[in-house]
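Read the structure below first, then the notes.
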Amino acid sequence: MKKILITGANSYIGVSFEKYMEKFGDEYLVDTVDMLGDEWENKDFSPYDVVFHVAGIAHSDNGKIPPEKEELYRKVNFELAVKTAKKAKAEGVRQFIFMSSAIVYGTSAPIGKKKIITKETAPSPANYYGESKLLAEQGISELQSDDFKTVVLRPPMIYGKGCKGNYQTLVKFAKKLPFFPYVANERSMLYVGNLTAFVKLMIDKEESGVFFPQNEEYTNTSLMVKAIAAAHGRKLRLIKGFTPLIKFTGLFTGLVNKAFGNLTYDKTLAYPDFKPEFGLEESIKLSEA
């Protein structure tokens, strides 16, 4: 039996992973510890083979990040993550898995321009949220040894049933609008059911390194909204010709590029032993069920 400790209570990813692992019965034991306050420091990590660190503060700012928020990112996304990894190593845990983000590569390319992340692409955070994640990656990776394997996951946008964030904005559009603009774009995305299976594989393979889990196919934002509408029994008409107006609007708000910009992981970054179980259409149906 492998024993896994999730550091970060009530997180969307942590809860999803814990539920996913229930199907494997006695093969795995999964516990969770709340990282709020200092009480977690009294938790004994020594019985566990793996620590899956999901505690963190998500980025919800569309403009400039104020200094007080930067300090919070530093304390939680960077300092807490490294402190947790050091405790895990000191107490004999064999593997530490850290949830980073594609945000370490900065923002999406604007409409009409591609941004393809390859093995040679250097991280280039656009704000302190991305920088806090990158600093945590570096601090954790420095702890790597023969007896302590570190795994850094850089997923793109994660979506699934009950998730928060940008996906819910698309759901609102899909439920209310009779039509939606068609914009030709490509984005790497990751269904939470594919993510949880990937994390299990990292544990089973006792992997170490930096990994880029994503759905097998790239996602077009407009087609995704249409698929969400279909999952709710609605027919959504996609209309072409709005791209120039949307591009102009993007000059004044970063929300446009978040939705319609381009950001993909090159397919060569895929982990060779992993084939995502869920495609876009099925994952949308499961998300909206």
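Labeling convention for the structure tokens: chains A, B, ... as they appear, residues from 1 per chain, ligands from 1 in order of appearance.
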
Could you give me, as CSV, every range 213-276 of chain A residue with an atom at most 8 Å from range 169-177 of chain A, plus its closest atom pair and distance in Å to one decimal, counting only C-alpha atoms, rows ordered by chain then number?
residue,atom,partner,partner_atom,distance
A:Val225,CA,A:Ala174,CA,5.4
A:Lys226,CA,A:Ala174,CA,6.6
A:Ile228,CA,A:Ala174,CA,6.0
A:Ala229,CA,A:Ala174,CA,4.7
A:His232,CA,A:Lys175,CA,7.4
A:Arg234,CA,A:Lys175,CA,7.5
A:Leu236,CA,A:Ala174,CA,7.3

Practice problem: List every residue of range 60-109 of chain A that DSSP, applied to the backbone, labels as strand (DSSP E), and write the result as a ChimeraX atom specification. | Solution: /A:95-99

Quiz prompt | Selection: 12 Å around Arg74 in chain A, only C-alpha atoms, excl. self and same-chain fewer than 3 positions, as a ChimeraX atom specification | solution = /A:56-57,67-71,77-82,128-136

Quiz prompt | Surrounding residues of Lys43 in chain A excluding itself and chain neighbours under 3 positions, 8 Å, only C-alpha atoms, as a PyMOL selection string | solution = chain A and resi 33+39-40

Please, could you write that set of residues out with N, CA and C atoms as a CSV table (one decimal), in the first residue's frame?
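Output file part12.csv is given in full below:
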chain,number,residue,atom,x,y,z
A,33,VAL,N,-4.1,17.2,5.0
A,33,VAL,CA,-3.8,18.0,6.2
A,33,VAL,C,-4.0,19.5,5.8
A,39,GLU,N,-0.5,24.7,12.6
A,39,GLU,CA,-0.7,23.4,13.2
A,39,GLU,C,-0.2,22.2,12.3
A,40,TRP,N,-0.2,22.5,11.0
A,40,TRP,CA,0.3,21.4,10.1
A,40,TRP,C,1.7,21.0,10.4

Quiz item: Expressed in Å to a single decimal, how great is the separation between CA of Ser208 in chain A and CA of Ser188 in chain A?
Solution: 22.6 Å

Self-check item: Shell of 8 Å around Glu186 in chain A, only C-alpha atoms, local chain residues under 5 positions omitted, as a count of residues only
Solution: 8

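Minimum distance to Thr249 in chain A across A:Met99, A:Val51, A:Ile111, A:Ile13 (counting only C-alpha atoms) occurs at A:Ile111.
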